[in-house]
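Enquirer: My structure is in structure.cif, and what it holds is mmCIF, C-alpha atoms:
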```
data_data
loop_
_atom_site.group_PDB
_atom_site.id
_atom_site.type_symbol
_atom_site.label_atom_id
_atom_site.label_comp_id
_atom_site.auth_asym_id
_atom_site.auth_seq_id
_atom_site.Cartn_x
_atom_site.Cartn_y
_atom_site.Cartn_z
ATOM 1 C CA MET A 1 139.324 -52.225 -45.716
ATOM 2 C CA TYR A 2 137.118 -50.484 -48.275
ATOM 3 C CA LEU A 3 134.113 -52.571 -47.192
ATOM 4 C CA VAL A 4 134.640 -51.660 -43.535
ATOM 5 C CA ARG A 5 134.986 -47.957 -44.347
ATOM 6 C CA SER A 6 131.832 -48.047 -46.488
ATOM 7 C CA ARG A 7 129.823 -49.626 -43.712
ATOM 8 C CA THR A 8 131.172 -47.127 -41.207
ATOM 9 C CA LEU A 9 130.375 -44.219 -43.486
ATOM 10 C CA GLY A 10 126.893 -45.566 -44.130
ATOM 11 C CA ALA A 11 126.196 -45.882 -40.432
ATOM 12 C CA LEU A 12 127.449 -42.336 -39.864
ATOM 13 C CA VAL A 13 125.183 -40.954 -42.588
ATOM 14 C CA LEU A 14 122.199 -42.838 -41.136
ATOM 15 C CA PHE A 15 122.981 -41.494 -37.667
ATOM 16 C CA LEU A 16 123.318 -37.918 -38.877
ATOM 17 C CA SER A 17 120.113 -38.141 -40.894
ATOM 18 C CA CYS A 18 118.201 -38.934 -37.714
ATOM 19 C CA LEU A 19 119.388 -35.823 -35.904
ATOM 20 C CA PRO A 20 117.077 -32.775 -35.869
ATOM 21 C CA ILE A 21 118.261 -29.859 -37.966
ATOM 22 C CA VAL A 22 118.341 -26.680 -35.914
ATOM 23 C CA GLY A 23 116.072 -23.969 -37.323
ATOM 24 C CA VAL A 24 114.201 -26.284 -39.699
ATOM 25 C CA ALA A 25 110.674 -27.473 -38.932
ATOM 26 C CA GLN A 26 110.537 -31.218 -38.574
ATOM 27 C CA PRO A 27 108.028 -33.179 -40.695
ATOM 28 C CA VAL A 28 104.745 -33.959 -38.968
ATOM 29 C CA SER A 29 103.075 -37.307 -39.489
ATOM 30 C CA GLU A 30 99.612 -38.657 -38.749
ATOM 31 C CA LEU A 31 97.822 -35.325 -38.734
ATOM 32 C CA PRO A 32 94.149 -35.821 -37.829
ATOM 33 C CA VAL A 33 91.713 -35.706 -40.717
ATOM 34 C CA ASP A 34 88.457 -36.337 -38.850
ATOM 35 C CA PRO A 35 86.627 -33.654 -36.844
ATOM 36 C CA ILE A 36 88.375 -32.932 -33.547
ATOM 37 C CA TYR A 37 85.923 -32.726 -30.658
ATOM 38 C CA LEU A 38 86.622 -29.659 -28.545
ATOM 39 C CA TRP A 39 85.642 -31.220 -25.220
ATOM 40 C CA ASP A 40 87.284 -34.575 -25.851
ATOM 41 C CA GLU A 41 87.508 -35.429 -22.155
ATOM 42 C CA LYS A 42 83.699 -35.552 -21.943
ATOM 43 C CA PRO A 43 81.293 -38.151 -23.387
ATOM 44 C CA LEU A 44 79.492 -37.118 -26.555
ATOM 45 C CA VAL A 45 75.939 -35.821 -26.245
ATOM 46 C CA SER A 46 73.404 -38.363 -27.470
ATOM 47 C CA PRO A 47 71.154 -38.132 -29.319
ATOM 48 C CA ASP A 48 73.057 -35.589 -31.400
ATOM 49 C CA ARG A 49 70.611 -33.100 -32.950
ATOM 50 C CA GLU A 50 73.078 -31.629 -35.443
ATOM 51 C CA HIS A 51 71.774 -31.548 -39.000
ATOM 52 C CA ILE A 52 72.275 -29.750 -42.300
ATOM 53 C CA LYS A 53 69.575 -27.753 -44.060
ATOM 54 C CA ASP A 54 70.118 -25.518 -47.096
ATOM 55 C CA GLN A 55 73.888 -25.982 -46.713
ATOM 56 C CA ARG A 56 73.760 -24.617 -43.157
ATOM 57 C CA VAL A 57 74.576 -26.530 -39.979
ATOM 58 C CA TYR A 58 71.973 -26.433 -37.196
ATOM 59 C CA ALA A 59 71.715 -27.577 -33.565
ATOM 60 C CA VAL A 60 75.334 -28.396 -32.731
ATOM 61 C CA ASP A 61 75.450 -30.594 -29.634
ATOM 62 C CA ASN A 62 79.023 -31.847 -29.901
ATOM 63 C CA PRO A 63 81.235 -28.883 -30.820
ATOM 64 C CA ALA A 64 84.173 -29.806 -32.997
ATOM 65 C CA MET A 65 86.699 -28.348 -35.388
ATOM 66 C CA ILE A 66 87.413 -29.658 -38.879
ATOM 67 C CA PRO A 67 91.112 -29.457 -39.807
ATOM 68 C CA TYR A 68 92.564 -28.308 -43.126
ATOM 69 C CA TRP A 69 96.290 -28.945 -43.439
ATOM 70 C CA PRO A 70 98.647 -27.145 -45.814
ATOM 71 C CA GLU A 71 101.019 -29.154 -47.985
ATOM 72 C CA ALA A 72 104.155 -30.005 -46.036
ATOM 73 C CA ASP A 73 106.425 -27.892 -48.238
ATOM 74 C CA LYS A 74 104.140 -24.848 -47.801
ATOM 75 C CA ALA A 75 103.438 -25.069 -44.075
ATOM 76 C CA ASN A 76 104.712 -21.972 -42.248
ATOM 77 C CA GLY A 77 103.638 -22.735 -38.677
ATOM 78 C CA THR A 78 100.710 -20.284 -38.583
ATOM 79 C CA ALA A 79 97.236 -21.539 -37.660
ATOM 80 C CA VAL A 80 93.789 -19.972 -37.806
ATOM 81 C CA VAL A 81 90.563 -20.944 -36.043
ATOM 82 C CA ILE A 82 87.476 -20.187 -38.163
ATOM 83 C CA PHE A 83 84.001 -19.287 -36.862
ATOM 84 C CA PRO A 84 81.286 -19.265 -39.568
ATOM 85 C CA GLY A 85 78.368 -16.895 -39.109
ATOM 86 C CA GLY A 86 74.632 -17.472 -38.925
ATOM 87 C CA GLY A 87 73.173 -15.369 -36.126
ATOM 88 C CA TYR A 88 73.906 -18.008 -33.457
ATOM 89 C CA VAL A 89 71.051 -19.973 -35.092
ATOM 90 C CA ARG A 90 72.903 -21.768 -37.895
ATOM 91 C CA LEU A 91 76.395 -21.953 -39.374
ATOM 92 C CA ALA A 92 77.168 -20.853 -42.938
ATOM 93 C CA ILE A 93 79.692 -23.664 -42.946
ATOM 94 C CA ASN A 94 80.628 -23.567 -46.630
ATOM 95 C CA HIS A 95 81.302 -19.997 -47.758
ATOM 96 C CA GLU A 96 82.290 -18.742 -44.304
ATOM 97 C CA GLY A 97 83.997 -21.941 -43.214
ATOM 98 C CA HIS A 98 85.347 -24.499 -45.653
ATOM 99 C CA ASP A 99 86.086 -21.976 -48.422
ATOM 100 C CA ILE A 100 88.019 -19.809 -45.967
ATOM 101 C CA ALA A 101 89.960 -22.813 -44.663
ATOM 102 C CA LYS A 102 90.991 -23.855 -48.172
ATOM 103 C CA TRP A 103 92.243 -20.331 -48.877
ATOM 104 C CA PHE A 104 94.425 -20.363 -45.776
ATOM 105 C CA ALA A 105 95.726 -23.905 -46.323
ATOM 106 C CA ALA A 106 96.806 -22.967 -49.846
ATOM 107 C CA ARG A 107 98.995 -20.282 -48.246
ATOM 108 C CA GLY A 108 100.664 -22.575 -45.741
ATOM 109 C CA VAL A 109 98.332 -21.980 -42.788
ATOM 110 C CA ALA A 110 96.725 -24.799 -40.799
ATOM 111 C CA ALA A 111 93.008 -23.982 -40.593
ATOM 112 C CA PHE A 112 90.259 -25.280 -38.316
ATOM 113 C CA VAL A 113 86.557 -24.756 -39.079
ATOM 114 C CA VAL A 114 84.661 -24.708 -35.791
ATOM 115 C CA LYS A 115 81.155 -26.027 -35.277
ATOM 116 C CA TYR A 116 80.187 -24.285 -32.046
ATOM 117 C CA ARG A 117 77.067 -24.489 -29.883
ATOM 118 C CA MET A 118 74.389 -21.892 -30.563
ATOM 119 C CA GLN A 119 70.865 -20.923 -29.500
ATOM 120 C CA GLU A 120 70.072 -24.356 -28.073
ATOM 121 C CA TYR A 121 72.593 -23.581 -25.325
ATOM 122 C CA GLY A 122 72.953 -19.806 -25.351
ATOM 123 C CA PHE A 123 75.641 -17.808 -23.596
ATOM 124 C CA PRO A 124 78.314 -18.695 -22.556
ATOM 125 C CA ALA A 125 78.484 -21.945 -24.558
ATOM 126 C CA PRO A 126 79.667 -20.370 -27.858
ATOM 127 C CA LEU A 127 82.390 -18.372 -26.104
ATOM 128 C CA LEU A 128 83.562 -21.409 -24.142
ATOM 129 C CA ASP A 129 83.753 -23.384 -27.403
ATOM 130 C CA GLY A 130 85.722 -20.606 -29.089
ATOM 131 C CA LEU A 131 88.223 -20.370 -26.256
ATOM 132 C CA ARG A 132 88.567 -24.155 -26.113
ATOM 133 C CA ALA A 133 89.269 -24.318 -29.874
ATOM 134 C CA VAL A 134 92.233 -21.950 -29.508
ATOM 135 C CA ARG A 135 93.488 -23.930 -26.507
ATOM 136 C CA GLN A 136 93.207 -27.223 -28.398
ATOM 137 C CA VAL A 137 95.326 -25.854 -31.237
ATOM 138 C CA ARG A 138 97.988 -24.658 -28.808
ATOM 139 C CA LYS A 139 97.869 -27.923 -26.849
ATOM 140 C CA HIS A 140 98.729 -29.884 -29.990
ATOM 141 C CA ALA A 141 101.024 -27.271 -31.536
ATOM 142 C CA ASP A 142 104.201 -29.365 -31.398
ATOM 143 C CA GLU A 143 102.710 -32.533 -32.860
ATOM 144 C CA TRP A 144 100.818 -30.572 -35.532
ATOM 145 C CA GLY A 145 103.792 -28.445 -36.606
ATOM 146 C CA ILE A 146 102.211 -25.186 -35.408
ATOM 147 C CA ASP A 147 103.937 -22.202 -33.823
ATOM 148 C CA PRO A 148 101.906 -21.511 -30.646
ATOM 149 C CA THR A 149 102.732 -17.796 -30.994
ATOM 150 C CA LYS A 150 101.059 -17.653 -34.420
ATOM 151 C CA VAL A 151 97.503 -18.789 -33.721
ATOM 152 C CA GLY A 152 94.762 -16.470 -34.975
ATOM 153 C CA VAL A 153 90.981 -16.402 -35.246
ATOM 154 C CA ILE A 154 88.649 -15.356 -38.040
ATOM 155 C CA GLY A 155 84.869 -15.008 -37.950
ATOM 156 C CA PHE A 156 82.023 -13.610 -39.998
ATOM 157 C CA SER A 157 78.812 -11.906 -38.870
ATOM 158 C CA ALA A 158 77.802 -13.669 -35.616
ATOM 159 C CA GLY A 159 80.957 -15.749 -36.043
ATOM 160 C CA GLY A 160 82.737 -12.389 -36.059
ATOM 161 C CA HIS A 161 81.094 -11.670 -32.723
ATOM 162 C CA LEU A 162 82.491 -14.945 -31.429
ATOM 163 C CA ALA A 163 85.967 -14.248 -32.857
ATOM 164 C CA ALA A 164 85.919 -10.758 -31.326
ATOM 165 C CA SER A 165 84.748 -12.250 -28.017
ATOM 166 C CA VAL A 166 87.693 -14.654 -28.009
ATOM 167 C CA ALA A 167 90.054 -11.788 -28.868
ATOM 168 C CA THR A 168 88.760 -9.497 -26.102
ATOM 169 C CA ARG A 169 87.666 -11.990 -23.430
ATOM 170 C CA PRO A 170 90.337 -14.731 -23.510
ATOM 171 C CA ASP A 171 90.353 -15.025 -19.724
ATOM 172 C CA PHE A 172 86.619 -15.628 -19.437
ATOM 173 C CA ILE A 173 86.057 -18.462 -16.940
ATOM 174 C CA MET A 174 82.928 -20.460 -16.215
ATOM 175 C CA SER A 175 84.358 -23.853 -15.292
ATOM 176 C CA ILE A 176 87.353 -24.220 -12.989
ATOM 177 C CA ASP A 177 87.829 -27.881 -13.900
ATOM 178 C CA ASP A 178 88.795 -27.339 -17.546
ATOM 179 C CA PRO A 179 91.969 -29.408 -17.981
ATOM 180 C CA LEU A 180 93.187 -26.962 -20.632
ATOM 181 C CA GLY A 181 92.417 -23.904 -18.538
ATOM 182 C CA GLU A 182 96.083 -23.050 -18.031
ATOM 183 C CA ILE A 183 96.702 -22.767 -21.791
ATOM 184 C CA SER A 184 96.330 -19.236 -23.139
ATOM 185 C CA ALA A 185 93.235 -18.672 -25.273
ATOM 186 C CA ARG A 186 94.327 -15.202 -26.432
ATOM 187 C CA PRO A 187 94.723 -15.262 -30.226
ATOM 188 C CA ASP A 188 97.790 -13.658 -31.776
ATOM 189 C CA PHE A 189 95.639 -11.926 -34.407
ATOM 190 C CA ALA A 190 91.939 -11.593 -35.207
ATOM 191 C CA ILE A 191 90.157 -11.195 -38.551
ATOM 192 C CA LEU A 192 86.557 -9.967 -38.428
ATOM 193 C CA GLY A 193 84.266 -9.988 -41.446
ATOM 194 C CA TYR A 194 81.154 -7.762 -41.156
ATOM 195 C CA PRO A 195 80.990 -8.713 -37.468
ATOM 196 C CA VAL A 196 78.167 -8.371 -35.000
ATOM 197 C CA ILE A 197 79.626 -6.249 -32.191
ATOM 198 C CA ALA A 198 76.753 -4.387 -30.500
ATOM 199 C CA LEU A 199 73.881 -6.253 -28.837
ATOM 200 C CA TYR A 200 72.041 -3.106 -27.817
ATOM 201 C CA GLY A 201 71.688 0.399 -29.241
ATOM 202 C CA PRO A 202 70.843 1.549 -32.780
ATOM 203 C CA ASP A 203 73.324 -0.802 -34.492
ATOM 204 C CA ALA A 204 72.434 -3.897 -32.475
ATOM 205 C CA HIS A 205 71.778 -7.168 -34.258
ATOM 206 C CA ALA A 206 68.523 -8.290 -32.641
ATOM 207 C CA GLY A 207 68.633 -11.827 -34.013
ATOM 208 C CA SER A 208 72.047 -12.602 -32.559
ATOM 209 C CA ARG A 209 71.035 -10.994 -29.254
ATOM 210 C CA LYS A 210 67.927 -13.156 -28.934
ATOM 211 C CA ALA A 211 69.691 -16.378 -29.936
ATOM 212 C CA LEU A 212 72.613 -15.761 -27.594
ATOM 213 C CA LEU A 213 70.956 -14.127 -24.567
ATOM 214 C CA GLY A 214 67.229 -14.864 -24.860
ATOM 215 C CA GLU A 215 64.129 -12.689 -25.040
ATOM 216 C CA ASN A 216 64.780 -10.472 -22.010
ATOM 217 C CA PRO A 217 68.527 -10.475 -21.393
ATOM 218 C CA ASP A 218 70.153 -9.246 -18.237
ATOM 219 C CA PRO A 219 71.501 -5.695 -18.806
ATOM 220 C CA LYS A 220 74.982 -6.650 -17.604
ATOM 221 C CA LYS A 221 75.161 -9.548 -20.060
ATOM 222 C CA LEU A 222 74.032 -7.197 -22.823
ATOM 223 C CA HIS A 223 76.823 -4.783 -21.965
ATOM 224 C CA ASP A 224 79.490 -7.466 -21.528
ATOM 225 C CA ASN A 225 78.632 -9.006 -24.899
ATOM 226 C CA SER A 226 78.672 -5.661 -26.716
ATOM 227 C CA LEU A 227 82.303 -5.995 -27.554
ATOM 228 C CA GLN A 228 83.271 -2.387 -28.146
ATOM 229 C CA PHE A 229 83.228 -2.201 -24.341
ATOM 230 C CA GLN A 230 85.581 -5.167 -23.946
ATOM 231 C CA VAL A 231 88.604 -3.827 -25.845
ATOM 232 C CA THR A 232 91.688 -3.304 -23.665
ATOM 233 C CA ASP A 233 95.409 -2.820 -24.216
ATOM 234 C CA LYS A 234 95.663 -6.616 -24.519
ATOM 235 C CA VAL A 235 93.713 -6.723 -27.789
ATOM 236 C CA PRO A 236 95.691 -8.482 -30.557
ATOM 237 C CA PRO A 237 96.185 -7.016 -34.052
ATOM 238 C CA VAL A 238 92.837 -6.906 -35.834
ATOM 239 C CA PHE A 239 91.900 -6.905 -39.530
ATOM 240 C CA MET A 240 88.297 -5.915 -40.278
ATOM 241 C CA LEU A 241 86.075 -5.645 -43.356
ATOM 242 C CA HIS A 242 82.513 -4.409 -43.724
ATOM 243 C CA GLY A 243 80.120 -3.086 -46.355
ATOM 244 C CA ILE A 244 79.085 0.525 -45.838
ATOM 245 C CA GLY A 245 75.516 -0.308 -46.841
ATOM 246 C CA ASP A 246 75.202 -3.627 -44.986
ATOM 247 C CA GLN A 247 71.501 -3.961 -44.115
ATOM 248 C CA ALA A 248 71.836 -7.024 -41.879
ATOM 249 C CA VAL A 249 74.661 -5.877 -39.601
ATOM 250 C CA PRO A 250 75.170 -2.093 -39.812
ATOM 251 C CA VAL A 251 78.681 -0.840 -40.462
ATOM 252 C CA GLY A 252 78.489 1.018 -37.152
ATOM 253 C CA ASN A 253 79.383 -2.294 -35.481
ATOM 254 C CA SER A 254 82.831 -2.337 -37.058
ATOM 255 C CA LEU A 255 83.315 1.405 -36.631
ATOM 256 C CA ALA A 256 82.585 1.209 -32.896
ATOM 257 C CA PHE A 257 84.917 -1.742 -32.370
ATOM 258 C CA PHE A 258 87.767 -0.334 -34.431
ATOM 259 C CA THR A 259 87.504 3.023 -32.693
ATOM 260 C CA GLU A 260 88.547 1.211 -29.522
ATOM 261 C CA VAL A 261 91.079 -1.113 -31.164
ATOM 262 C CA GLN A 262 93.031 1.720 -32.763
ATOM 263 C CA LYS A 263 93.661 3.222 -29.334
ATOM 264 C CA HIS A 264 95.676 0.168 -28.331
ATOM 265 C CA ASN A 265 96.962 -1.709 -31.381
ATOM 266 C CA LYS A 266 98.531 0.067 -34.350
ATOM 267 C CA GLN A 267 99.032 -3.148 -36.335
ATOM 268 C CA SER A 268 95.309 -3.161 -37.098
ATOM 269 C CA GLU A 269 93.345 -2.298 -40.260
ATOM 270 C CA LEU A 270 89.697 -1.534 -41.077
ATOM 271 C CA HIS A 271 88.420 -1.848 -44.661
ATOM 272 C CA ILE A 272 85.019 -0.324 -45.484
ATOM 273 C CA HIS A 273 83.721 -1.320 -48.919
ATOM 274 C CA GLN A 274 81.146 0.274 -51.189
ATOM 275 C CA THR A 275 78.571 -2.510 -51.001
ATOM 276 C CA SER A 276 75.337 -3.483 -49.281
ATOM 277 C CA ILE A 277 76.185 -7.195 -49.376
ATOM 278 C CA HIS A 278 76.187 -9.156 -46.141
ATOM 279 C CA GLY A 279 77.732 -12.623 -46.007
ATOM 280 C CA VAL A 280 79.988 -12.106 -49.012
ATOM 281 C CA GLY A 281 82.553 -14.706 -47.994
ATOM 282 C CA MET A 282 84.972 -14.974 -50.892
ATOM 283 C CA ILE A 283 82.426 -14.470 -53.670
ATOM 284 C CA GLN A 284 84.050 -12.776 -56.652
ATOM 285 C CA GLY A 285 82.595 -10.152 -58.976
ATOM 286 C CA GLN A 286 80.983 -8.047 -56.250
ATOM 287 C CA GLY A 287 83.064 -4.906 -56.669
ATOM 288 C CA THR A 288 85.797 -3.797 -54.296
ATOM 289 C CA VAL A 289 84.578 -6.034 -51.470
ATOM 290 C CA SER A 290 85.691 -9.065 -53.465
ATOM 291 C CA SER A 291 89.288 -7.863 -53.109
ATOM 292 C CA TRP A 292 89.345 -8.174 -49.332
ATOM 293 C CA PRO A 293 91.289 -11.481 -49.401
ATOM 294 C CA ASP A 294 94.104 -9.732 -51.304
ATOM 295 C CA ALA A 295 94.287 -7.001 -48.662
ATOM 296 C CA LEU A 296 94.210 -9.633 -45.925
ATOM 297 C CA GLU A 297 97.053 -11.555 -47.533
ATOM 298 C CA ARG A 298 99.224 -8.431 -47.658
ATOM 299 C CA TRP A 299 98.406 -7.668 -44.010
ATOM 300 C CA LEU A 300 99.314 -11.194 -42.941
ATOM 301 C CA GLN A 301 102.585 -10.968 -44.874
ATOM 302 C CA GLN A 302 103.465 -7.563 -43.424
ATOM 303 C CA ASN A 303 103.028 -8.932 -39.926
ATOM 304 C CA GLN A 304 104.949 -12.138 -40.731
ATOM 305 C CA TRP A 305 102.111 -14.608 -40.291
ATOM 306 C CA LEU A 306 102.566 -15.449 -43.958
ATOM 307 C CA GLN A 307 105.983 -15.825 -45.553
#
```
Spell out the structure here as structure tokens.

Expert:
Amino acid sequence: MYLVRSRTLGALVLFLSCLPIVGVAQPVSELPVDPIYLWDEKPLVSPDREHIKDQRVYAVDNPAMIPYWPEADKANGTAVVIFPGGGYVRLAINHEGHDIAKWFAARGVAAFVVKYRMQEYGFPAPLLDGLRAVRQVRKHADEWGIDPTKVGVIGFSAGGHLAASVATRPDFIMSIDDPLGEISARPDFAILGYPVIALYGPDAHAGSRKALLGENPDPKKLHDNSLQFQVTDKVPPVFMLHGIGDQAVPVGNSLAFFTEVQKHNKQSELHIHQTSIHGVGMIQGQGTVSSWPDALERWLQQNQWLQ
């Protein structure tokens, strides 16, 4: 009798252990570790011109995102898509990509460093890649243990222009045959580090304009890609940082964009630092600007993207 009861009890425990626990995230297995190609339904471009020079990535032909996964016991369901800067000519993949991803993963956030197409393709290729990256994350949210309502973007310099483009132009359409076109590309939050915003006017970044739109861009494309004019009441919460003396991308870019954001989204913050540094990433010892990750962490916690 005891043996029968023990076997019955053991079977019951095994059965119960297989049931999902309501309200508790289930463990995720077999997370991808290799780069995830954004346009995985298409054949890869060959020959692939992508190469690395001086720790920068050049000539991306096959856009992809490199995943960084948090430890299972830290994962909180939030994800962030990362766009390194480089004037749409190159990607500062280390200090504005991998270092940022490691910071997020250490705080429980799944992070994806995007290698997007640049001057070799021009507009709208970078924007299409940015939108597709967000859609890919949402497509795989269940299997990757991600909350599809907690997917954000972060970008720096020209990567900030791309992140801001994704945040303000999520419904941009160029191809009607995108199999992921029905998935929302609107991020739930956006983080912009010393971003390029204006492509014409006194604060315009001429290098990004040329790389993205060519030597003599169409005036409408110039206006549409000057993102202070793209902010609507659909803009997500935005966190911004910029150096007041930035000589590469004038602080007026962030001021113009935030002026519009604050009209529509009161969860947003703008941090102007006493520095002339551009491309600071997470470098320490540079005065108050080096504290921006601490301010970002508090903002993410306040808005419940970090727990």

Enquirer: Report as a VMD selection string the residues that result from applying the PyMOL selection byres ((chain A and resi 71) around 12) to the structure here.

Expert: chain A and resid 27 to 29 31 68 to 70 72 to 77 102 104 to 110 145

Enquirer: Take the residues that were just selected and, keeping C-alpha atoms, output them as a CSV table (one decimal), in the coordinates of the input.

Expert:
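Okay, this is what ended up in result09.csv:
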```
chain,number,residue,atom,x,y,z
A,27,PRO,CA,108.0,-33.2,-40.7
A,28,VAL,CA,104.7,-34.0,-39.0
A,29,SER,CA,103.1,-37.3,-39.5
A,31,LEU,CA,97.8,-35.3,-38.7
A,68,TYR,CA,92.6,-28.3,-43.1
A,69,TRP,CA,96.3,-28.9,-43.4
A,70,PRO,CA,98.6,-27.1,-45.8
A,72,ALA,CA,104.2,-30.0,-46.0
A,73,ASP,CA,106.4,-27.9,-48.2
A,74,LYS,CA,104.1,-24.8,-47.8
A,75,ALA,CA,103.4,-25.1,-44.1
A,76,ASN,CA,104.7,-22.0,-42.2
A,77,GLY,CA,103.6,-22.7,-38.7
A,102,LYS,CA,91.0,-23.9,-48.2
A,104,PHE,CA,94.4,-20.4,-45.8
A,105,ALA,CA,95.7,-23.9,-46.3
A,106,ALA,CA,96.8,-23.0,-49.8
A,107,ARG,CA,99.0,-20.3,-48.2
A,108,GLY,CA,100.7,-22.6,-45.7
A,109,VAL,CA,98.3,-22.0,-42.8
A,110,ALA,CA,96.7,-24.8,-40.8
A,145,GLY,CA,103.8,-28.4,-36.6
```

Enquirer: Could you give me, as a ChimeraX atom specification, the residues within 12 Å of Gly207 (chain A), counting only C-alpha atoms and dropping anything in the same chain fewer than 6 positions from it?

Expert: /A:86-90,119,157-158,196,198-200,213-215,248-249

Enquirer: Applying 12 Å and only C-alpha atoms, which residues near region 292-301 of chain A remain after dropping the ones on its own chain fewer than 3 positions away? List them as a ChimeraX atom specification.

Expert: /A:76,78-80,99-100,103-104,106-109,150,152,154,188-194,237-243,267-274,280-289,304-307

Enquirer: What separation in Å, quoted to one decimal, exists between CA of Pro179 (chain A) and CA of Leu38 (chain A)?

Expert: 11.8 Å

Enquirer: Tell me which residues the PyMOL selection byres ((chain A and resi 180) around 8) grabs here, as a PDB file with C-alpha atoms, in the coordinates of the input.

Expert:
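Once everything was written out, this is result.pdb:
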```pdb
ATOM      1  CA  ARG A 132      88.567 -24.155 -26.113  1.00  0.00           C
ATOM      2  CA  ARG A 135      93.488 -23.930 -26.507  1.00  0.00           C
ATOM      3  CA  GLN A 136      93.207 -27.223 -28.398  1.00  0.00           C
ATOM      4  CA  LYS A 139      97.869 -27.923 -26.849  1.00  0.00           C
ATOM      5  CA  ASP A 178      88.795 -27.339 -17.546  1.00  0.00           C
ATOM      6  CA  PRO A 179      91.969 -29.408 -17.981  1.00  0.00           C
ATOM      7  CA  GLY A 181      92.417 -23.904 -18.538  1.00  0.00           C
ATOM      8  CA  GLU A 182      96.083 -23.050 -18.031  1.00  0.00           C
ATOM      9  CA  ILE A 183      96.702 -22.767 -21.791  1.00  0.00           C
TER      10      ILE A 183
END
```

Enquirer: May I ask for the distance between CA of Pro126 (chain A) and CA of Ile66 (chain A), given in Å to one decimal place?

Expert: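 CA of Pro126 (chain A) sits 16.4 Å away from CA of Ile66 (chain A).
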
Enquirer: Evaluated on this file, the PyMOL selection byres ((chain A and resi 260) around 9) picks out some residues - which ones are they, written as a short mmCIF file (atom, residue, chain, number, x, y, z; two decimals) with C-alpha atoms, in the coordinates of the input?

Expert:
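File part_11.cif, as written:
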```cif
data_model
loop_
_atom_site.label_atom_id
_atom_site.label_comp_id
_atom_site.auth_asym_id
_atom_site.auth_seq_id
_atom_site.Cartn_x
_atom_site.Cartn_y
_atom_site.Cartn_z
CA GLN A 228 83.27 -2.39 -28.15
CA PHE A 229 83.23 -2.20 -24.34
CA GLN A 230 85.58 -5.17 -23.95
CA VAL A 231 88.60 -3.83 -25.84
CA THR A 232 91.69 -3.30 -23.66
CA LEU A 255 83.32 1.40 -36.63
CA ALA A 256 82.58 1.21 -32.90
CA PHE A 257 84.92 -1.74 -32.37
CA PHE A 258 87.77 -0.33 -34.43
CA THR A 259 87.50 3.02 -32.69
CA VAL A 261 91.08 -1.11 -31.16
CA GLN A 262 93.03 1.72 -32.76
CA LYS A 263 93.66 3.22 -29.33
CA HIS A 264 95.68 0.17 -28.33
#
```
